[in-house]
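> Contents of data-v5.txt (compact mmCIF, C-alpha atoms):
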```txt
# COMPACT_ATOMS: atom_id res chain seq x y z
CA MET A 104 18.15 -33.44 -26.60
CA ALA A 105 18.94 -30.18 -24.79
CA LYS A 106 17.85 -29.96 -21.18
CA LYS A 107 14.81 -27.75 -20.52
CA PRO A 108 13.55 -26.03 -17.36
CA LYS A 109 11.11 -27.94 -15.17
CA VAL A 110 10.13 -24.84 -13.19
CA PHE A 111 9.50 -21.30 -14.47
CA LEU A 112 9.85 -18.45 -11.97
CA PHE A 113 8.92 -14.87 -12.86
CA ASP A 114 9.76 -11.66 -11.08
CA MET A 115 6.79 -9.30 -11.09
CA ASP A 116 7.62 -5.58 -11.28
CA HIS A 117 9.18 -4.52 -14.60
CA THR A 118 9.28 -8.17 -15.67
CA LEU A 119 5.65 -9.22 -15.96
CA ILE A 120 4.38 -5.65 -15.67
CA ASP A 121 5.57 -2.16 -16.57
CA ASN A 122 5.04 -1.00 -13.02
CA ASP A 123 6.46 -1.08 -9.50
CA CYS A 124 3.61 -2.07 -7.21
CA ASP A 125 5.24 -0.81 -4.03
CA VAL A 126 5.46 2.66 -5.58
CA SER A 127 2.05 2.60 -7.27
CA TRP A 128 0.47 1.43 -3.99
CA LYS A 129 1.57 4.70 -2.40
CA HIS A 130 0.16 6.68 -5.35
CA PHE A 131 -3.07 4.75 -4.85
CA ILE A 132 -3.35 5.47 -1.12
CA VAL A 133 -2.62 9.17 -1.62
CA LYS A 134 -5.11 9.46 -4.50
CA HIS A 135 -7.86 7.92 -2.38
CA ASN A 136 -6.92 9.66 0.90
CA ILE A 137 -5.98 6.40 2.59
CA GLY A 138 -2.48 7.57 3.55
CA PRO A 139 -0.41 10.76 4.01
CA ALA A 140 0.53 12.96 1.04
CA ASN A 141 4.29 12.72 1.72
CA SER A 142 4.09 8.98 0.96
CA LEU A 143 4.98 9.66 -2.69
CA GLU A 144 8.25 11.39 -1.87
CA ARG A 145 9.26 8.64 0.53
CA ALA A 146 8.26 5.93 -1.96
CA ASP A 147 10.53 7.48 -4.59
CA TYR A 148 13.37 7.59 -2.08
CA PHE A 149 13.03 3.92 -1.17
CA TYR A 150 12.72 2.91 -4.82
CA GLY A 151 15.96 4.73 -5.55
CA GLU A 152 17.65 2.90 -2.69
CA TYR A 153 16.33 -0.42 -4.00
CA LYS A 154 17.73 0.22 -7.47
CA LYS A 155 21.12 1.06 -5.95
CA GLY A 156 21.06 -2.10 -3.83
CA THR A 157 21.28 -0.08 -0.59
CA LEU A 158 17.71 -0.49 0.67
CA ASP A 159 17.22 -0.52 4.44
CA LEU A 160 14.72 -3.38 4.56
CA ASN A 161 13.39 -2.69 8.05
CA ALA A 162 12.77 1.00 7.37
CA PHE A 163 11.19 0.23 4.02
CA MET A 164 8.82 -2.41 5.38
CA GLU A 165 7.70 -0.15 8.23
CA PHE A 166 6.87 2.53 5.66
CA GLN A 167 5.41 0.20 3.04
CA LEU A 168 3.04 -1.59 5.41
CA ALA A 169 1.79 1.45 7.30
CA GLU A 170 -1.67 1.25 5.69
CA PHE A 171 -1.96 -2.45 6.56
CA ARG A 172 -1.60 -1.95 10.29
CA GLN A 173 -4.73 -3.09 12.20
CA GLN A 174 -6.65 -3.60 8.94
CA SER A 175 -8.46 -6.85 8.19
CA GLU A 176 -7.35 -9.34 5.56
CA VAL A 177 -10.72 -8.93 3.81
CA GLU A 178 -10.49 -5.14 3.63
CA MET A 179 -6.90 -5.15 2.35
CA ALA A 180 -7.73 -7.73 -0.30
CA LYS A 181 -10.46 -5.39 -1.58
CA LEU A 182 -8.02 -2.47 -1.70
CA ALA A 183 -5.41 -4.62 -3.44
CA ASP A 184 -7.92 -5.57 -6.16
CA TRP A 185 -8.85 -1.91 -6.58
CA HIS A 186 -5.15 -0.98 -6.86
CA PHE A 187 -4.62 -3.75 -9.44
CA LYS A 188 -7.43 -2.50 -11.66
CA GLU A 189 -6.24 1.12 -11.50
CA TYR A 190 -2.47 0.72 -11.69
CA VAL A 191 -1.51 -2.76 -12.86
CA GLN A 192 -3.95 -4.47 -15.21
CA ASP A 193 -3.24 -2.27 -18.24
CA LYS A 194 0.52 -2.46 -17.61
CA ILE A 195 0.90 -6.21 -18.10
CA TYR A 196 3.45 -6.83 -20.85
CA PRO A 197 1.69 -8.65 -23.72
CA ASP A 198 4.75 -10.86 -24.28
CA ALA A 199 4.73 -11.78 -20.60
CA ALA A 200 1.05 -12.73 -20.71
CA VAL A 201 1.55 -14.83 -23.84
CA THR A 202 4.61 -16.57 -22.37
CA VAL A 203 2.81 -17.42 -19.14
CA LYS A 204 -0.29 -18.61 -20.98
CA LYS A 205 1.74 -20.96 -23.19
CA LEU A 206 3.60 -22.42 -20.23
CA LEU A 207 0.42 -23.01 -18.24
CA LYS A 208 -1.30 -24.55 -21.26
CA ALA A 209 1.67 -26.92 -21.63
CA GLY A 210 1.26 -28.00 -18.01
CA GLU A 211 4.50 -26.42 -16.80
CA ARG A 212 5.15 -25.38 -13.19
CA VAL A 213 4.88 -21.58 -13.12
CA ALA A 214 5.28 -19.25 -10.14
CA ILE A 215 5.68 -15.55 -9.45
CA LEU A 216 8.74 -14.88 -7.26
CA THR A 217 8.55 -11.29 -6.03
CA ALA A 218 9.70 -9.03 -3.22
CA THR A 219 6.28 -7.37 -3.23
CA ASN A 220 4.01 -8.45 -0.41
CA ARG A 221 1.55 -11.25 -1.08
CA VAL A 222 -1.54 -9.05 -0.76
CA LEU A 223 -0.53 -6.66 -3.55
CA ALA A 224 0.86 -9.43 -5.78
CA ALA A 225 -2.12 -11.77 -5.48
CA PRO A 226 -4.47 -10.00 -7.96
CA LEU A 227 -1.90 -10.24 -10.78
CA ALA A 228 -1.24 -13.92 -10.09
CA SER A 229 -4.97 -14.59 -10.15
CA TYR A 230 -5.48 -12.58 -13.35
CA LEU A 231 -2.72 -14.51 -15.16
CA GLY A 232 -3.93 -17.85 -13.82
CA ILE A 233 -0.74 -18.48 -11.83
CA ASN A 234 -1.58 -20.54 -8.75
CA HIS A 235 1.87 -20.43 -7.15
CA LEU A 236 2.86 -17.10 -5.61
CA LEU A 237 6.18 -16.78 -3.77
CA ALA A 238 5.98 -13.33 -2.21
CA THR A 239 6.84 -11.53 1.01
CA ASP A 240 4.36 -12.74 3.63
CA LEU A 241 2.73 -10.46 6.19
CA GLU A 242 2.07 -11.12 9.84
CA THR A 243 -1.53 -11.23 11.03
CA ILE A 244 -3.13 -11.52 14.47
CA ASP A 245 -6.83 -12.39 14.72
CA GLY A 246 -7.35 -11.74 11.01
CA CYS A 247 -5.73 -8.30 11.02
CA TYR A 248 -2.33 -7.22 9.75
CA THR A 249 0.26 -6.08 12.28
CA GLY A 250 2.25 -4.00 9.79
CA PHE A 251 5.22 -6.37 9.89
CA ALA A 252 6.56 -8.86 7.39
CA GLN A 253 6.77 -12.52 8.34
CA GLY A 254 9.41 -15.05 7.36
CA VAL A 255 11.86 -14.45 4.53
CA PHE A 256 11.84 -11.01 2.91
CA ASN A 257 11.79 -12.07 -0.71
CA VAL A 258 14.49 -9.82 -2.14
CA GLY A 259 18.09 -10.40 -3.20
CA LYS A 260 19.42 -13.63 -1.71
CA GLY A 261 16.06 -14.16 0.00
CA LYS A 262 14.64 -15.17 -3.38
CA ILE A 263 17.07 -18.08 -3.48
CA THR A 264 15.72 -19.42 -0.19
CA LEU A 265 12.09 -19.39 -1.31
CA ALA A 266 12.91 -20.69 -4.79
CA GLU A 267 14.86 -23.61 -3.32
CA ARG A 268 11.94 -24.49 -1.04
CA TYR A 269 9.53 -24.35 -3.96
CA CYS A 270 11.67 -26.56 -6.19
CA LYS A 271 12.21 -29.07 -3.38
CA VAL A 272 8.45 -29.68 -3.19
CA PHE A 273 8.68 -31.23 -6.65
CA GLY A 274 11.93 -33.07 -5.97
CA LEU A 275 13.84 -30.53 -8.03
CA THR A 276 16.69 -28.06 -7.50
CA LEU A 277 17.44 -24.57 -8.77
CA ALA A 278 19.40 -26.18 -11.59
CA ASP A 279 16.01 -27.24 -12.99
CA ALA A 280 14.55 -23.73 -12.78
CA ALA A 281 14.30 -20.78 -15.13
CA TYR A 282 14.08 -17.31 -13.63
CA TYR A 283 12.97 -14.18 -15.47
CA GLY A 284 14.08 -10.96 -13.73
CA ASP A 285 15.02 -7.34 -14.32
CA GLY A 286 16.63 -5.82 -11.22
CA TYR A 287 20.21 -5.59 -10.02
CA LEU A 288 19.36 -7.58 -6.88
CA ASP A 289 18.00 -10.36 -9.12
CA ARG A 290 21.60 -11.19 -9.98
CA TYR A 291 21.76 -13.61 -7.05
CA ILE A 292 18.82 -15.77 -8.10
CA LEU A 293 19.76 -15.49 -11.78
CA ASP A 294 23.22 -16.80 -10.94
CA ALA A 295 21.73 -19.64 -8.90
CA VAL A 296 19.22 -21.08 -11.40
CA GLY A 297 20.01 -23.32 -14.33
CA PHE A 298 18.18 -21.09 -16.82
CA PRO A 299 18.70 -17.36 -16.13
CA ILE A 300 16.81 -14.89 -18.34
CA ALA A 301 17.17 -11.13 -17.98
CA VAL A 302 14.00 -9.23 -18.93
CA ASN A 303 14.22 -5.46 -19.45
CA PRO A 304 17.35 -5.53 -17.28
CA ALA A 305 18.49 -2.52 -15.29
CA PRO A 306 21.83 -1.17 -16.60
CA GLU A 307 23.88 -2.94 -13.93
CA LEU A 308 22.13 -6.24 -14.52
CA LYS A 309 22.41 -5.86 -18.28
CA THR A 310 26.19 -5.63 -17.93
CA ILE A 311 26.26 -8.79 -15.83
CA ALA A 312 23.93 -10.60 -18.23
CA LYS A 313 26.15 -9.76 -21.19
CA ASP A 314 29.28 -10.87 -19.33
CA LYS A 315 27.66 -14.17 -18.36
CA LYS A 316 25.97 -14.58 -21.75
CA TRP A 317 22.48 -14.84 -20.26
CA PRO A 318 19.57 -14.42 -22.68
CA ILE A 319 18.18 -10.87 -22.63
CA LEU A 320 14.53 -10.18 -23.50
CA LYS A 321 12.88 -6.83 -24.13
CA TRP A 322 9.19 -6.81 -23.22
CA GLU A 323 7.21 -3.63 -23.63
CA ILE A 324 3.75 -2.13 -23.80
CA LYS A 325 3.04 -1.45 -27.47
```
Taking this structure as input, can you express it in the form of structure tokens?


Amino acid sequence: MAKKPKVFLFDMDHTLIDNDCDVSWKHFIVKHNIGPANSLERADYFYGEYKKGTLDLNAFMEFQLAEFRQQSEVEMAKLADWHFKEYVQDKIYPDAAVTVKKLLKAGERVAILTATNRVLAAPLASYLGINHLLATDLETIDGCYTGFAQGVFNVGKGKITLAERYCKVFGLTLADAAYYGDGYLDRYILDAVGFPIAVNPAPELKTIAKDKKWPILKWEIK
């Protein structure tokens, strides 16, 4: 009998959803006068750098978390839910939702593994019924966010670190894991897991996936 994954890890943006939450968050804060109008231009710049694999992580996080600074965990959770309902909920790929539902119903271990911060990713995980969220964590002091990330920034090779820790909890390794991802920087984690699956891959990742004969899925909003 062919070996099957014992852990299923999903990227979030453009894998589970037809959206980039870091970008849509800035659209949200501008729309509701929570942040400066030039946030959209800067968000597009950083997204372009991310796609090229040349993102300055420190500069990006300082920009991305500006609205979190000195805000309470309760208040930001409310804003994150509001953002989810406006920009994310109707952009969930139906095939992604069906896949996740089947895995959960079968009792499989399912987690979201995303570079997006935990606050913005949490509403989607909750909506899909995924209890395990491996995201970029944020620093808090006395219940308020400092505007800085904490621990491993969950992008590129950082995803390998968090995925390994997650698998180890169950006495497993990355060889037991499937990972569904779309971005060029996902090539590291895709190369590290036993069951790599490219979903809506960016052109550079699609080339790698074809060369390595990884399965390629096309999920879309119909």

> Residues of stretch 209-258 of chain A that have any atom at most 12 Å from an atom of stretch 277-281 of chain A: could you tabulate them with the shortest-distance atom pair and the distance in Å to one decimal, using only C-alpha atoms, ordered by chain and increasing number, as a Markdown table?


```
| residue | atom | partner | partner_atom | distance |
| --- | --- | --- | --- | --- |
| A:Glu211 | CA | A:Ala280 | CA | 11.2 |
| A:Arg212 | CA | A:Ala280 | CA | 9.6 |
| A:Val213 | CA | A:Ala281 | CA | 9.7 |
| A:Ala214 | CA | A:Ala281 | CA | 10.4 |
| A:Ile215 | CA | A:Ala281 | CA | 11.6 |
| A:Leu216 | CA | A:Ala281 | CA | 11.3 |
```

> What does the file look like for those residues with C-alpha atoms, as a PDB file, in the coordinates of the input?


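Saved result, part_39.pdb, follows:
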```
ATOM      1  CA  GLU A 211       4.500 -26.420 -16.800  1.00  0.00           C
ATOM      2  CA  ARG A 212       5.150 -25.380 -13.190  1.00  0.00           C
ATOM      3  CA  VAL A 213       4.880 -21.580 -13.120  1.00  0.00           C
ATOM      4  CA  ALA A 214       5.280 -19.250 -10.140  1.00  0.00           C
ATOM      5  CA  ILE A 215       5.680 -15.550  -9.450  1.00  0.00           C
ATOM      6  CA  LEU A 216       8.740 -14.880  -7.260  1.00  0.00           C
TER       7      LEU A 216
END
```

> Against stretch 112-135 of chain A, which residues of stretch 229-312 of chain A fall within 6 Å? For each one I want the closest pair of atoms and the distance in Å (one decimal), counting all atoms listed in the file, rows by chain and increasing residue number, as a tab-separated table.


```
residue	atom	partner	partner_atom	distance
A:Ala281	CA	A:Leu112	CA	5.9
A:Tyr282	CA	A:Leu112	CA	4.7
A:Tyr283	CA	A:Phe113	CA	4.9
A:Gly284	CA	A:Asp114	CA	5.1
A:Asp285	CA	A:Thr118	CA	6.0
A:Val302	CA	A:Thr118	CA	5.8
```

> What is the distance, in Å and to one decimal place, between atom CA of A:Val272 and atom CA of A:Tyr230?

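Separating atom CA of A:Val272 from atom CA of A:Tyr230 is a distance of 24.3 Å.
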
> Might you pull out every residue within 12 Å of stretch 150-159 of chain A, with only C-alpha atoms counted and same-chain residues fewer than 2 positions away left off, and present them as a ChimeraX atom specification?

/A:116,122-127,129,143-148,161-167,218,256,258-260,285-291,304-308

> Can you work out the spacing between atom CA of A:Gly246 and atom CA of A:Asp184 in Å, to one decimal?

18.3 Å

> For a quick check of understanding, using only C-alpha atoms, which of A:Thr276, A:Ala312, A:Ala140, A:Leu160 has the smallest distance to A:Asn257?

A:Leu160

> Please, what distance in Å, to one decimal, runs between atom CA of A:Leu236 and atom CA of A:Ala224?

7.9 Å

> Show which residues sit within 9 Å of A:Phe251, as a ChimeraX atom specification. Count only C-alpha atoms, and ignore same-chain residues fewer than 3 positions away.

/A:164-165,168-169,171-172,240-243,248

> Between A:Ile324, A:Ser142, A:Gly297, A:Ala209, which residue has the minimum interatomic distance to A:Pro108, considering only C-alpha atoms?

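Going through A:Ile324, A:Ser142, A:Gly297, A:Ala209 one by one, the smallest distance to A:Pro108 is for A:Gly297.
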
> Counting only C-alpha atoms, figure out which residue out of A:Tyr269, A:Trp185, A:Tyr196, A:Phe149 gets nearest to A:Leu320.

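Distance minimum relative to A:Leu320 lands on A:Tyr196.
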
> Let me know the centre plus edge lengths, in Å and rounded to one decimal, of a box with edges along x, y and z that contains all listed atoms of stretch 162-168 of chain A and is padded by 4 Å on every side, as AutoDock Vina command-line options.


```
--center_x 7.9 --center_y 0.1 --center_z 5.6 --size_x 17.7 --size_y 12.9 --size_z 13.2
```

> Return stretch 105-127 of chain A, completed with N, CA and C atoms, as a PDB file, in the frame of the given file.


```
ATOM      1  N   ALA A 105      18.510 -31.179 -25.770  1.00  0.00           N
ATOM      2  CA  ALA A 105      18.940 -30.180 -24.790  1.00  0.00           C
ATOM      3  C   ALA A 105      18.017 -30.208 -23.576  1.00  0.00           C
ATOM      4  N   LYS A 106      18.610 -29.998 -22.419  1.00  0.00           N
ATOM      5  CA  LYS A 106      17.850 -29.960 -21.180  1.00  0.00           C
ATOM      6  C   LYS A 106      16.957 -28.718 -21.168  1.00  0.00           C
ATOM      7  N   LYS A 107      15.749 -28.866 -20.610  1.00  0.00           N
ATOM      8  CA  LYS A 107      14.810 -27.750 -20.520  1.00  0.00           C
ATOM      9  C   LYS A 107      14.426 -27.523 -19.070  1.00  0.00           C
ATOM     10  N   PRO A 108      13.976 -26.303 -18.739  1.00  0.00           N
ATOM     11  CA  PRO A 108      13.550 -26.030 -17.360  1.00  0.00           C
ATOM     12  C   PRO A 108      12.342 -26.883 -16.976  1.00  0.00           C
ATOM     13  N   LYS A 109      12.273 -27.226 -15.699  1.00  0.00           N
ATOM     14  CA  LYS A 109      11.110 -27.940 -15.170  1.00  0.00           C
ATOM     15  C   LYS A 109      10.278 -27.038 -14.260  1.00  0.00           C
ATOM     16  N   VAL A 110      10.816 -25.848 -14.001  1.00  0.00           N
ATOM     17  CA  VAL A 110      10.130 -24.840 -13.190  1.00  0.00           C
ATOM     18  C   VAL A 110      10.394 -23.477 -13.831  1.00  0.00           C
ATOM     19  N   PHE A 111       9.364 -22.634 -13.890  1.00  0.00           N
ATOM     20  CA  PHE A 111       9.500 -21.300 -14.470  1.00  0.00           C
ATOM     21  C   PHE A 111       9.106 -20.260 -13.427  1.00  0.00           C
ATOM     22  N   LEU A 112      10.061 -19.463 -12.999  1.00  0.00           N
ATOM     23  CA  LEU A 112       9.850 -18.450 -11.970  1.00  0.00           C
ATOM     24  C   LEU A 112       9.941 -17.065 -12.595  1.00  0.00           C
ATOM     25  N   PHE A 113       8.959 -16.219 -12.300  1.00  0.00           N
ATOM     26  CA  PHE A 113       8.920 -14.870 -12.860  1.00  0.00           C
ATOM     27  C   PHE A 113       8.943 -13.820 -11.760  1.00  0.00           C
ATOM     28  N   ASP A 114       9.851 -12.872 -11.878  1.00  0.00           N
ATOM     29  CA  ASP A 114       9.760 -11.660 -11.080  1.00  0.00           C
ATOM     30  C   ASP A 114       8.491 -10.936 -11.524  1.00  0.00           C
ATOM     31  N   MET A 115       8.033  -9.977 -10.740  1.00  0.00           N
ATOM     32  CA  MET A 115       6.790  -9.300 -11.090  1.00  0.00           C
ATOM     33  C   MET A 115       7.028  -7.911 -11.667  1.00  0.00           C
ATOM     34  N   ASP A 116       7.482  -6.961 -10.841  1.00  0.00           N
ATOM     35  CA  ASP A 116       7.620  -5.580 -11.280  1.00  0.00           C
ATOM     36  C   ASP A 116       8.683  -5.424 -12.358  1.00  0.00           C
ATOM     37  N   HIS A 117       8.306  -4.788 -13.456  1.00  0.00           N
ATOM     38  CA  HIS A 117       9.180  -4.520 -14.600  1.00  0.00           C
ATOM     39  C   HIS A 117       9.636  -5.791 -15.315  1.00  0.00           C
ATOM     40  N   THR A 118       9.037  -6.918 -14.961  1.00  0.00           N
ATOM     41  CA  THR A 118       9.280  -8.170 -15.670  1.00  0.00           C
ATOM     42  C   THR A 118       7.976  -8.650 -16.292  1.00  0.00           C
ATOM     43  N   LEU A 119       6.980  -8.892 -15.458  1.00  0.00           N
ATOM     44  CA  LEU A 119       5.650  -9.220 -15.960  1.00  0.00           C
ATOM     45  C   LEU A 119       4.845  -7.962 -16.268  1.00  0.00           C
ATOM     46  N   ILE A 120       5.144  -6.894 -15.540  1.00  0.00           N
ATOM     47  CA  ILE A 120       4.380  -5.650 -15.670  1.00  0.00           C
ATOM     48  C   ILE A 120       5.302  -4.444 -15.774  1.00  0.00           C
ATOM     49  N   ASP A 121       4.829  -3.422 -16.461  1.00  0.00           N
ATOM     50  CA  ASP A 121       5.570  -2.160 -16.570  1.00  0.00           C
ATOM     51  C   ASP A 121       5.159  -1.258 -15.416  1.00  0.00           C
ATOM     52  N   ASN A 122       5.504  -1.693 -14.218  1.00  0.00           N
ATOM     53  CA  ASN A 122       5.040  -1.000 -13.020  1.00  0.00           C
ATOM     54  C   ASN A 122       5.830  -1.497 -11.817  1.00  0.00           C
ATOM     55  N   ASP A 123       5.941  -0.657 -10.800  1.00  0.00           N
ATOM     56  CA  ASP A 123       6.460  -1.080  -9.500  1.00  0.00           C
ATOM     57  C   ASP A 123       5.315  -0.947  -8.514  1.00  0.00           C
ATOM     58  N   CYS A 124       4.823  -2.077  -8.041  1.00  0.00           N
ATOM     59  CA  CYS A 124       3.610  -2.070  -7.210  1.00  0.00           C
ATOM     60  C   CYS A 124       3.802  -1.413  -5.854  1.00  0.00           C
ATOM     61  N   ASP A 125       5.012  -1.475  -5.311  1.00  0.00           N
ATOM     62  CA  ASP A 125       5.240  -0.810  -4.030  1.00  0.00           C
ATOM     63  C   ASP A 125       5.104   0.699  -4.181  1.00  0.00           C
ATOM     64  N   VAL A 126       5.580   1.229  -5.313  1.00  0.00           N
ATOM     65  CA  VAL A 126       5.460   2.660  -5.580  1.00  0.00           C
ATOM     66  C   VAL A 126       4.021   3.034  -5.939  1.00  0.00           C
ATOM     67  N   SER A 127       3.408   2.262  -6.842  1.00  0.00           N
ATOM     68  CA  SER A 127       2.050   2.600  -7.270  1.00  0.00           C
ATOM     69  C   SER A 127       1.046   2.449  -6.120  1.00  0.00           C
TER      70      SER A 127
END
```
